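Visitor: My structure is stored as target.cif, with mmCIF, N, CA and C atoms.
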```cif
data_run
loop_
_atom_site.label_atom_id
_atom_site.label_comp_id
_atom_site.auth_asym_id
_atom_site.auth_seq_id
_atom_site.Cartn_x
_atom_site.Cartn_y
_atom_site.Cartn_z
N MET A 1 116.82 119.82 131.63
CA MET A 1 116.80 121.25 131.46
C MET A 1 115.74 121.65 130.44
N VAL A 2 115.68 120.98 129.28
CA VAL A 2 114.67 121.29 128.28
C VAL A 2 113.28 121.07 128.85
N VAL A 3 113.11 120.00 129.62
CA VAL A 3 111.82 119.72 130.23
C VAL A 3 111.41 120.86 131.15
N ASP A 4 112.34 121.39 131.93
CA ASP A 4 112.04 122.49 132.84
C ASP A 4 111.62 123.74 132.07
N ILE A 5 112.30 124.03 130.97
CA ILE A 5 111.97 125.20 130.16
C ILE A 5 110.58 125.06 129.56
N VAL A 6 110.30 123.88 128.98
CA VAL A 6 108.98 123.65 128.39
C VAL A 6 107.90 123.75 129.45
N LYS A 7 108.15 123.19 130.62
CA LYS A 7 107.16 123.24 131.71
C LYS A 7 106.90 124.68 132.12
N LYS A 8 107.96 125.49 132.25
CA LYS A 8 107.76 126.89 132.64
C LYS A 8 106.94 127.64 131.60
N LEU A 9 107.23 127.39 130.32
CA LEU A 9 106.46 128.04 129.27
C LEU A 9 105.01 127.58 129.29
N SER A 10 104.79 126.29 129.49
CA SER A 10 103.43 125.75 129.55
C SER A 10 102.69 126.33 130.75
N ASP A 11 103.38 126.48 131.87
CA ASP A 11 102.76 127.02 133.07
C ASP A 11 102.29 128.45 132.86
N ARG A 12 102.94 129.16 131.99
CA ARG A 12 102.57 130.55 131.72
C ARG A 12 101.56 130.64 130.59
N ASN A 13 101.07 129.48 130.12
CA ASN A 13 100.11 129.42 129.02
C ASN A 13 100.62 130.06 127.75
N LEU A 14 101.91 129.97 127.51
CA LEU A 14 102.48 130.47 126.27
C LEU A 14 102.46 129.36 125.24
N LYS A 15 102.22 129.73 124.00
CA LYS A 15 102.26 128.74 122.93
C LYS A 15 103.71 128.55 122.55
N PHE A 16 104.26 127.39 122.84
CA PHE A 16 105.67 127.13 122.60
C PHE A 16 105.92 126.74 121.16
N MET A 17 105.14 125.82 120.65
CA MET A 17 105.35 125.33 119.30
C MET A 17 104.03 125.06 118.62
N GLU A 18 104.01 125.24 117.33
CA GLU A 18 102.84 124.90 116.54
C GLU A 18 102.88 123.41 116.23
N SER A 19 101.76 122.75 116.43
CA SER A 19 101.72 121.32 116.18
C SER A 19 101.79 121.03 114.68
N PRO A 20 102.40 119.91 114.31
CA PRO A 20 102.55 119.58 112.90
C PRO A 20 101.26 119.09 112.26
N ILE A 21 100.31 118.70 113.07
CA ILE A 21 99.08 118.13 112.56
C ILE A 21 97.95 118.54 113.51
N GLU A 22 96.86 119.00 112.95
CA GLU A 22 95.75 119.46 113.78
C GLU A 22 94.93 118.29 114.32
N ARG A 23 94.55 117.39 113.43
CA ARG A 23 93.73 116.24 113.80
C ARG A 23 94.46 114.96 113.42
N ILE A 24 94.40 113.99 114.28
CA ILE A 24 95.03 112.69 114.06
C ILE A 24 93.91 111.68 113.92
N ARG A 25 93.83 111.04 112.76
CA ARG A 25 92.86 109.97 112.56
C ARG A 25 93.62 108.69 112.30
N LEU A 26 93.28 107.65 113.03
CA LEU A 26 93.98 106.38 112.92
C LEU A 26 93.38 105.50 111.83
N SER A 27 94.19 104.55 111.39
CA SER A 27 93.69 103.53 110.47
C SER A 27 92.82 102.55 111.25
N GLN A 28 91.99 101.82 110.53
CA GLN A 28 91.15 100.81 111.19
C GLN A 28 92.03 99.73 111.81
N THR A 29 93.11 99.38 111.15
CA THR A 29 94.03 98.38 111.70
C THR A 29 94.61 98.86 113.02
N ALA A 30 95.04 100.13 113.07
CA ALA A 30 95.58 100.68 114.32
C ALA A 30 94.52 100.71 115.41
N LYS A 31 93.30 101.05 115.05
CA LYS A 31 92.21 101.06 116.03
C LYS A 31 92.02 99.66 116.61
N ASP A 32 92.02 98.65 115.75
CA ASP A 32 91.85 97.27 116.22
C ASP A 32 93.01 96.86 117.13
N GLN A 33 94.22 97.27 116.77
CA GLN A 33 95.39 96.95 117.60
C GLN A 33 95.32 97.66 118.94
N LEU A 34 94.89 98.92 118.94
CA LEU A 34 94.75 99.67 120.19
C LEU A 34 93.64 99.08 121.07
N THR A 35 92.59 98.59 120.45
CA THR A 35 91.51 97.96 121.20
C THR A 35 92.05 96.74 121.95
N LYS A 36 92.89 95.97 121.28
CA LYS A 36 93.54 94.82 121.93
C LYS A 36 94.41 95.29 123.09
N LEU A 37 95.19 96.34 122.88
CA LEU A 37 96.05 96.88 123.95
C LEU A 37 95.22 97.43 125.11
N LYS A 38 94.10 98.05 124.81
CA LYS A 38 93.24 98.57 125.87
C LYS A 38 92.75 97.44 126.77
N ARG A 39 92.38 96.32 126.15
CA ARG A 39 91.92 95.17 126.94
C ARG A 39 93.03 94.61 127.82
N SER A 40 94.22 94.49 127.26
CA SER A 40 95.29 93.84 128.02
C SER A 40 95.92 94.76 129.08
N THR A 41 96.09 96.04 128.75
CA THR A 41 96.76 96.94 129.69
C THR A 41 95.80 97.63 130.64
N LYS A 42 94.51 97.61 130.30
CA LYS A 42 93.48 98.33 131.08
C LYS A 42 93.64 99.85 131.00
N ILE A 43 94.40 100.32 130.01
CA ILE A 43 94.51 101.76 129.74
C ILE A 43 93.36 102.11 128.81
N ASP A 44 92.41 102.90 129.29
CA ASP A 44 91.18 103.18 128.53
C ASP A 44 91.30 104.31 127.51
N GLN A 45 92.31 105.13 127.64
CA GLN A 45 92.41 106.32 126.79
C GLN A 45 93.24 106.05 125.54
N TRP A 46 92.67 106.33 124.37
CA TRP A 46 93.39 106.16 123.10
C TRP A 46 94.68 106.98 123.11
N ASN A 47 94.58 108.23 123.58
CA ASN A 47 95.73 109.14 123.50
C ASN A 47 96.91 108.64 124.33
N ILE A 48 96.64 108.06 125.46
CA ILE A 48 97.74 107.56 126.31
C ILE A 48 98.44 106.39 125.62
N LEU A 49 97.67 105.47 125.08
CA LEU A 49 98.27 104.36 124.35
C LEU A 49 99.03 104.85 123.12
N CYS A 50 98.49 105.87 122.47
CA CYS A 50 99.18 106.43 121.29
C CYS A 50 100.51 107.06 121.69
N ARG A 51 100.58 107.70 122.84
CA ARG A 51 101.86 108.27 123.31
C ARG A 51 102.87 107.17 123.53
N TRP A 52 102.46 106.08 124.17
CA TRP A 52 103.35 104.93 124.37
C TRP A 52 103.85 104.42 123.02
N ALA A 53 102.92 104.30 122.07
CA ALA A 53 103.28 103.75 120.76
C ALA A 53 104.24 104.68 120.02
N PHE A 54 103.98 105.97 120.05
CA PHE A 54 104.84 106.94 119.39
C PHE A 54 106.26 106.86 119.96
N CYS A 55 106.36 106.84 121.27
CA CYS A 55 107.68 106.76 121.91
C CYS A 55 108.36 105.43 121.62
N ARG A 56 107.57 104.36 121.52
CA ARG A 56 108.15 103.05 121.19
C ARG A 56 108.79 103.09 119.82
N SER A 57 108.14 103.73 118.86
CA SER A 57 108.70 103.84 117.52
C SER A 57 109.93 104.74 117.50
N LEU A 58 109.88 105.84 118.24
CA LEU A 58 111.04 106.73 118.29
C LEU A 58 112.28 106.03 118.84
N ALA A 59 112.06 105.03 119.69
CA ALA A 59 113.18 104.30 120.30
C ALA A 59 113.89 103.38 119.30
N GLU A 60 113.26 103.10 118.19
CA GLU A 60 113.88 102.24 117.17
C GLU A 60 115.01 103.00 116.46
N ALA A 61 116.04 102.28 116.08
CA ALA A 61 117.19 102.91 115.43
C ALA A 61 116.89 103.34 113.99
N THR A 62 116.00 102.64 113.32
CA THR A 62 115.72 102.93 111.92
C THR A 62 114.48 103.80 111.77
N ALA A 63 114.42 104.49 110.66
CA ALA A 63 113.24 105.29 110.33
C ALA A 63 112.11 104.36 109.89
N PRO A 64 110.87 104.74 110.12
CA PRO A 64 109.77 103.89 109.66
C PRO A 64 109.69 103.87 108.13
N SER A 65 109.21 102.77 107.60
CA SER A 65 109.05 102.65 106.14
C SER A 65 107.98 103.63 105.67
N PRO A 66 108.22 104.28 104.54
CA PRO A 66 107.24 105.25 104.02
C PRO A 66 106.09 104.54 103.29
N VAL A 67 105.16 104.02 104.07
CA VAL A 67 104.02 103.30 103.50
C VAL A 67 102.76 104.16 103.64
N PRO A 68 101.84 104.01 102.71
CA PRO A 68 100.58 104.77 102.85
C PRO A 68 99.77 104.22 104.02
N ILE A 69 99.20 105.13 104.80
CA ILE A 69 98.41 104.74 105.96
C ILE A 69 97.01 105.33 105.79
N PRO A 70 96.01 104.47 105.66
CA PRO A 70 94.64 105.00 105.51
C PRO A 70 94.17 105.66 106.80
N GLN A 71 93.24 106.57 106.66
CA GLN A 71 92.63 107.23 107.82
C GLN A 71 91.17 106.79 107.86
N ASP A 72 90.97 105.49 108.01
CA ASP A 72 89.65 104.90 107.81
C ASP A 72 88.94 104.43 109.07
N SER A 73 89.41 104.89 110.24
CA SER A 73 88.69 104.53 111.47
C SER A 73 87.94 105.75 111.99
N ASN A 74 87.17 105.52 113.04
CA ASN A 74 86.46 106.65 113.66
C ASN A 74 87.21 107.17 114.89
N VAL A 75 88.46 106.75 115.07
CA VAL A 75 89.27 107.25 116.19
C VAL A 75 90.04 108.47 115.70
N GLU A 76 89.72 109.59 116.31
CA GLU A 76 90.32 110.86 115.91
C GLU A 76 90.56 111.69 117.16
N MET A 77 91.67 112.43 117.15
CA MET A 77 91.99 113.31 118.28
C MET A 77 92.82 114.48 117.78
N SER A 78 92.84 115.54 118.55
CA SER A 78 93.69 116.67 118.21
C SER A 78 95.12 116.38 118.68
N TRP A 79 96.06 117.17 118.18
CA TRP A 79 97.45 117.03 118.62
C TRP A 79 97.55 117.24 120.14
N ARG A 80 96.84 118.25 120.65
CA ARG A 80 96.91 118.57 122.08
C ARG A 80 96.32 117.44 122.93
N VAL A 81 95.28 116.79 122.43
CA VAL A 81 94.74 115.65 123.16
C VAL A 81 95.75 114.50 123.11
N PHE A 82 96.33 114.26 121.94
CA PHE A 82 97.33 113.22 121.81
C PHE A 82 98.46 113.44 122.82
N GLY A 83 99.04 114.63 122.80
CA GLY A 83 100.23 114.90 123.61
C GLY A 83 99.98 115.30 125.04
N GLY A 84 98.81 115.85 125.31
CA GLY A 84 98.52 116.34 126.66
C GLY A 84 99.58 117.32 127.12
N GLU A 85 99.97 117.23 128.36
CA GLU A 85 100.99 118.13 128.91
C GLU A 85 102.35 117.91 128.27
N MET A 86 102.52 116.77 127.61
CA MET A 86 103.80 116.45 126.98
C MET A 86 103.85 116.84 125.50
N SER A 87 102.83 117.51 124.98
CA SER A 87 102.76 117.74 123.54
C SER A 87 103.98 118.50 123.00
N ASP A 88 104.46 119.50 123.70
CA ASP A 88 105.63 120.23 123.23
C ASP A 88 106.89 119.36 123.27
N ILE A 89 107.02 118.55 124.29
CA ILE A 89 108.18 117.66 124.40
C ILE A 89 108.14 116.61 123.30
N LEU A 90 106.95 116.07 123.03
CA LEU A 90 106.81 115.07 121.97
C LEU A 90 107.10 115.68 120.60
N LEU A 91 106.70 116.93 120.41
CA LEU A 91 107.00 117.60 119.15
C LEU A 91 108.51 117.83 119.01
N LEU A 92 109.17 118.22 120.09
CA LEU A 92 110.63 118.37 120.06
C LEU A 92 111.30 117.04 119.72
N ALA A 93 110.81 115.96 120.31
CA ALA A 93 111.37 114.63 120.03
C ALA A 93 111.17 114.26 118.56
N LEU A 94 110.01 114.57 118.01
CA LEU A 94 109.75 114.29 116.59
C LEU A 94 110.68 115.10 115.70
N LYS A 95 110.84 116.38 116.00
CA LYS A 95 111.74 117.22 115.21
C LYS A 95 113.18 116.72 115.29
N GLN A 96 113.61 116.34 116.48
CA GLN A 96 114.97 115.83 116.62
C GLN A 96 115.14 114.53 115.84
N ARG A 97 114.14 113.66 115.90
CA ARG A 97 114.22 112.40 115.17
C ARG A 97 114.28 112.65 113.67
N CYS A 98 113.46 113.57 113.17
CA CYS A 98 113.51 113.91 111.74
C CYS A 98 114.90 114.42 111.37
N HIS A 99 115.45 115.29 112.19
CA HIS A 99 116.80 115.81 111.95
C HIS A 99 117.81 114.67 111.92
N ASN A 100 117.74 113.78 112.91
CA ASN A 100 118.66 112.64 112.98
C ASN A 100 118.55 111.72 111.77
N ASP A 101 117.33 111.57 111.25
CA ASP A 101 117.10 110.69 110.10
C ASP A 101 117.37 111.39 108.77
N GLY A 102 117.75 112.67 108.82
CA GLY A 102 118.08 113.39 107.59
C GLY A 102 116.88 113.99 106.87
N TYR A 103 115.76 114.12 107.57
CA TYR A 103 114.56 114.71 106.99
C TYR A 103 114.46 116.18 107.38
N PRO A 104 113.81 116.98 106.54
CA PRO A 104 113.55 118.37 106.93
C PRO A 104 112.51 118.39 108.07
N THR A 105 112.37 119.53 108.69
CA THR A 105 111.42 119.64 109.80
C THR A 105 110.27 120.59 109.46
N ASP A 106 109.92 120.63 108.18
CA ASP A 106 108.75 121.43 107.80
C ASP A 106 107.48 120.72 108.25
N LYS A 107 106.38 121.44 108.27
CA LYS A 107 105.13 120.92 108.82
C LYS A 107 104.67 119.65 108.10
N GLU A 108 104.77 119.60 106.80
CA GLU A 108 104.31 118.42 106.04
C GLU A 108 105.14 117.19 106.37
N THR A 109 106.45 117.34 106.40
CA THR A 109 107.33 116.21 106.73
C THR A 109 107.07 115.74 108.16
N LEU A 110 106.93 116.67 109.09
CA LEU A 110 106.65 116.30 110.48
C LEU A 110 105.34 115.52 110.58
N ALA A 111 104.32 115.96 109.86
CA ALA A 111 103.02 115.27 109.90
C ALA A 111 103.15 113.85 109.35
N ILE A 112 103.86 113.70 108.25
CA ILE A 112 104.05 112.37 107.66
C ILE A 112 104.84 111.48 108.59
N GLN A 113 105.95 111.97 109.10
CA GLN A 113 106.79 111.16 109.98
C GLN A 113 106.06 110.82 111.29
N PHE A 114 105.26 111.75 111.78
CA PHE A 114 104.48 111.47 112.98
C PHE A 114 103.54 110.29 112.74
N ARG A 115 102.79 110.34 111.65
CA ARG A 115 101.84 109.25 111.35
C ARG A 115 102.57 107.92 111.19
N LEU A 116 103.72 107.96 110.51
CA LEU A 116 104.48 106.72 110.31
C LEU A 116 104.98 106.16 111.65
N HIS A 117 105.51 107.04 112.49
CA HIS A 117 106.00 106.59 113.81
C HIS A 117 104.84 106.08 114.68
N LEU A 118 103.74 106.81 114.69
CA LEU A 118 102.61 106.42 115.51
C LEU A 118 102.10 105.04 115.11
N HIS A 119 101.87 104.84 113.84
CA HIS A 119 101.32 103.56 113.39
C HIS A 119 102.34 102.42 113.54
N ARG A 120 103.60 102.70 113.30
CA ARG A 120 104.61 101.66 113.51
C ARG A 120 104.64 101.27 114.99
N GLY A 121 104.62 102.25 115.87
CA GLY A 121 104.65 101.98 117.30
C GLY A 121 103.44 101.20 117.78
N ILE A 122 102.27 101.54 117.25
CA ILE A 122 101.07 100.79 117.61
C ILE A 122 101.23 99.33 117.20
N GLY A 123 101.73 99.11 115.99
CA GLY A 123 101.96 97.75 115.51
C GLY A 123 102.95 96.99 116.38
N TYR A 124 104.02 97.67 116.78
CA TYR A 124 105.03 97.03 117.64
C TYR A 124 104.44 96.64 119.00
N LEU A 125 103.71 97.56 119.61
CA LEU A 125 103.13 97.26 120.93
C LEU A 125 102.09 96.15 120.84
N ALA A 126 101.22 96.24 119.83
CA ALA A 126 100.16 95.23 119.69
C ALA A 126 100.75 93.86 119.35
N GLY A 127 101.86 93.85 118.64
CA GLY A 127 102.46 92.58 118.24
C GLY A 127 103.42 91.99 119.25
N ASP A 128 103.67 92.70 120.34
CA ASP A 128 104.60 92.21 121.35
C ASP A 128 103.88 91.24 122.29
N PRO A 129 104.22 89.95 122.22
CA PRO A 129 103.52 88.97 123.06
C PRO A 129 103.80 89.14 124.56
N ASN A 130 104.82 89.93 124.90
CA ASN A 130 105.16 90.15 126.31
C ASN A 130 104.32 91.23 126.97
N ILE A 131 103.56 91.98 126.19
CA ILE A 131 102.74 93.06 126.78
C ILE A 131 101.36 92.49 127.08
N LYS A 132 101.17 92.19 128.35
CA LYS A 132 99.91 91.61 128.81
C LYS A 132 99.22 92.48 129.86
N LYS A 133 99.98 93.44 130.41
CA LYS A 133 99.41 94.34 131.42
C LYS A 133 100.23 95.63 131.42
N ILE A 134 99.75 96.63 132.12
CA ILE A 134 100.40 97.94 132.12
C ILE A 134 101.84 97.86 132.63
N GLU A 135 102.09 96.97 133.57
CA GLU A 135 103.44 96.83 134.10
C GLU A 135 104.44 96.39 133.03
N ASP A 136 103.94 95.66 132.03
CA ASP A 136 104.81 95.23 130.93
C ASP A 136 105.25 96.42 130.08
N LEU A 137 104.36 97.40 129.92
CA LEU A 137 104.74 98.63 129.21
C LEU A 137 105.83 99.38 129.99
N ILE A 138 105.63 99.46 131.28
CA ILE A 138 106.60 100.16 132.13
C ILE A 138 107.95 99.45 132.08
N GLU A 139 107.93 98.13 132.15
CA GLU A 139 109.17 97.36 132.07
C GLU A 139 109.88 97.59 130.74
N LEU A 140 109.11 97.65 129.66
CA LEU A 140 109.67 97.92 128.34
C LEU A 140 110.34 99.29 128.30
N ALA A 141 109.70 100.28 128.90
CA ALA A 141 110.27 101.63 128.91
C ALA A 141 111.54 101.71 129.75
N VAL A 142 111.55 101.05 130.87
CA VAL A 142 112.71 101.08 131.76
C VAL A 142 113.89 100.32 131.13
N LYS A 143 113.58 99.24 130.42
CA LYS A 143 114.60 98.40 129.81
C LYS A 143 115.33 99.15 128.68
N ASN A 144 114.61 99.98 127.95
CA ASN A 144 115.21 100.72 126.84
C ASN A 144 115.74 101.99 127.37
#
```
Can I see the file as structure tokens?

Guide:
Amino acid sequence: MVVDIVKKLSDRNLKFMESPIERIRLSQTAKDQLTKLKRSTKIDQWNILCRWAFCRSLAEATAPSPVPIPQDSNVEMSWRVFGGEMSDILLLALKQRCHNDGYPTDKETLAIQFRLHLHRGIGYLAGDPNIKKIEDLIELAVKN
């Protein structure tokens, strides 16, 4: 039902939600990990791999550790590029996760939690020895 509402609003070109972060810049470590994933999965788009990684982190029961994450790579994208047609749904998922973890849902907290989830998810996907092709990502999603 929520998906249908968001889709209808998107179809009418209405701005549903303000993104928590305008530009997303990855760490060099995350870029290197994504490069490895690009080779193995044959998914060429950074944003698509980042969506997989973000959702992978959201699926974890625990909140990500609050560690500093450098923004030292040349991989950068806007929130809308990151989320594509799913950007409003991904923002809703982030807000719900923050609420579930006991965090406020102000813009600064959302931006911090987003970066933590994104980088944790990238690390999880890159470190998973079972992910060797795109079908392995799909199997991981179906299994969870």

Visitor: Run the PyMOL selection byres (((chain A and resi 110 and name CA) around 9) and name CA) mentally over the shown coordinates, then write out the matched residues as a list of chain:residue names, using the chain letters and numbers from the document.

Guide: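 With the PyMOL selection byres (((chain A and resi 110 and name CA) around 9) and name CA) on this model, the match is A:Pro20, A:Ile21, A:Leu91, A:Leu94, A:Lys95, A:Cys98, A:Tyr103, A:Pro104, A:Thr105, A:Asp106, A:Lys107, A:Glu108, A:Thr109, A:Ala111, A:Ile112, A:Gln113, A:Phe114, A:Arg115.
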
Visitor: If you measure from atom N of Ile48 of chain A to atom N of Val81 of chain A, what distance in Å do you get, rounded to one decimal?

Guide: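 Atom N of Val81 of chain A lies at a distance of 9.3 Å from atom N of Ile48 of chain A.
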
Visitor: Given only C-alpha atoms, how would the per-residue table for segment 54-86 of chain A near segment 31-35 of chain A read, listing every residue at most 9 Å away with its closest atom pair and distance in Å to one decimal, sorted by chain and number, as JSON lines?

Guide:
```
{"residue": "A:Ser73", "atom": "CA", "partner": "A:Lys31", "partner_atom": "CA", "distance": 6.7}
{"residue": "A:Asn74", "atom": "CA", "partner": "A:Lys31", "partner_atom": "CA", "distance": 8.4}
{"residue": "A:Val75", "atom": "CA", "partner": "A:Lys31", "partner_atom": "CA", "distance": 6.9}
```

Visitor: If the PyMOL selection byres (((chain A and resi 56 and name CA) around 9) and name CA) were run on this exact file, what residues would it hold? Put them as a list of chain:residue names.

Guide: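 Evaluating the PyMOL selection byres (((chain A and resi 56 and name CA) around 9) and name CA) on this file yields A:Arg51, A:Trp52, A:Ala53, A:Phe54, A:Cys55, A:Ser57, A:Leu58, A:Ala59, A:Glu60, A:His117, A:Leu118, A:Arg120, A:Gly121, A:Ile122, A:Tyr124, A:Leu125, A:Leu140, A:Ala141.
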
Visitor: I need the strand (DSSP E or B) residues of chain A per DSSP on the backbone, written as a list in words.

Guide: Arg23, Ile24, Arg25, Glu76, Met77 and Ser78 of chain A

Visitor: Keeping N, CA and C atoms for every residue in the selection just given, could you write it to a file as a PDB file, keeping the file's coordinate frame?

Guide:
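Below you can see part.pdb, which holds the result:
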```
ATOM      1  N   ARG A  23      94.550 117.390 113.430  1.00  0.00           N
ATOM      2  CA  ARG A  23      93.730 116.240 113.800  1.00  0.00           C
ATOM      3  C   ARG A  23      94.460 114.960 113.420  1.00  0.00           C
ATOM      4  N   ILE A  24      94.400 113.990 114.280  1.00  0.00           N
ATOM      5  CA  ILE A  24      95.030 112.690 114.060  1.00  0.00           C
ATOM      6  C   ILE A  24      93.910 111.680 113.920  1.00  0.00           C
ATOM      7  N   ARG A  25      93.830 111.040 112.760  1.00  0.00           N
ATOM      8  CA  ARG A  25      92.860 109.970 112.560  1.00  0.00           C
ATOM      9  C   ARG A  25      93.620 108.690 112.300  1.00  0.00           C
ATOM     10  N   GLU A  76      89.720 109.590 116.310  1.00  0.00           N
ATOM     11  CA  GLU A  76      90.320 110.860 115.910  1.00  0.00           C
ATOM     12  C   GLU A  76      90.560 111.690 117.160  1.00  0.00           C
ATOM     13  N   MET A  77      91.670 112.430 117.150  1.00  0.00           N
ATOM     14  CA  MET A  77      91.990 113.310 118.280  1.00  0.00           C
ATOM     15  C   MET A  77      92.820 114.480 117.780  1.00  0.00           C
ATOM     16  N   SER A  78      92.840 115.540 118.550  1.00  0.00           N
ATOM     17  CA  SER A  78      93.690 116.670 118.210  1.00  0.00           C
ATOM     18  C   SER A  78      95.120 116.380 118.680  1.00  0.00           C
TER      19      SER A  78
END
```

Visitor: Using only C-alpha atoms, which of the listed residues (A:Ser78, A:Ser40, A:Asn100, A:Gln45) sits closest to Ile24 of chain A?

Guide: A:Ser78

Visitor: For atom CA of Val67 of chain A and atom CA of Phe82 of chain A, determine how far apart the two atoms are, in Å to one decimal place.

Guide: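 Atom CA of Val67 of chain A sits 21.9 Å away from atom CA of Phe82 of chain A.
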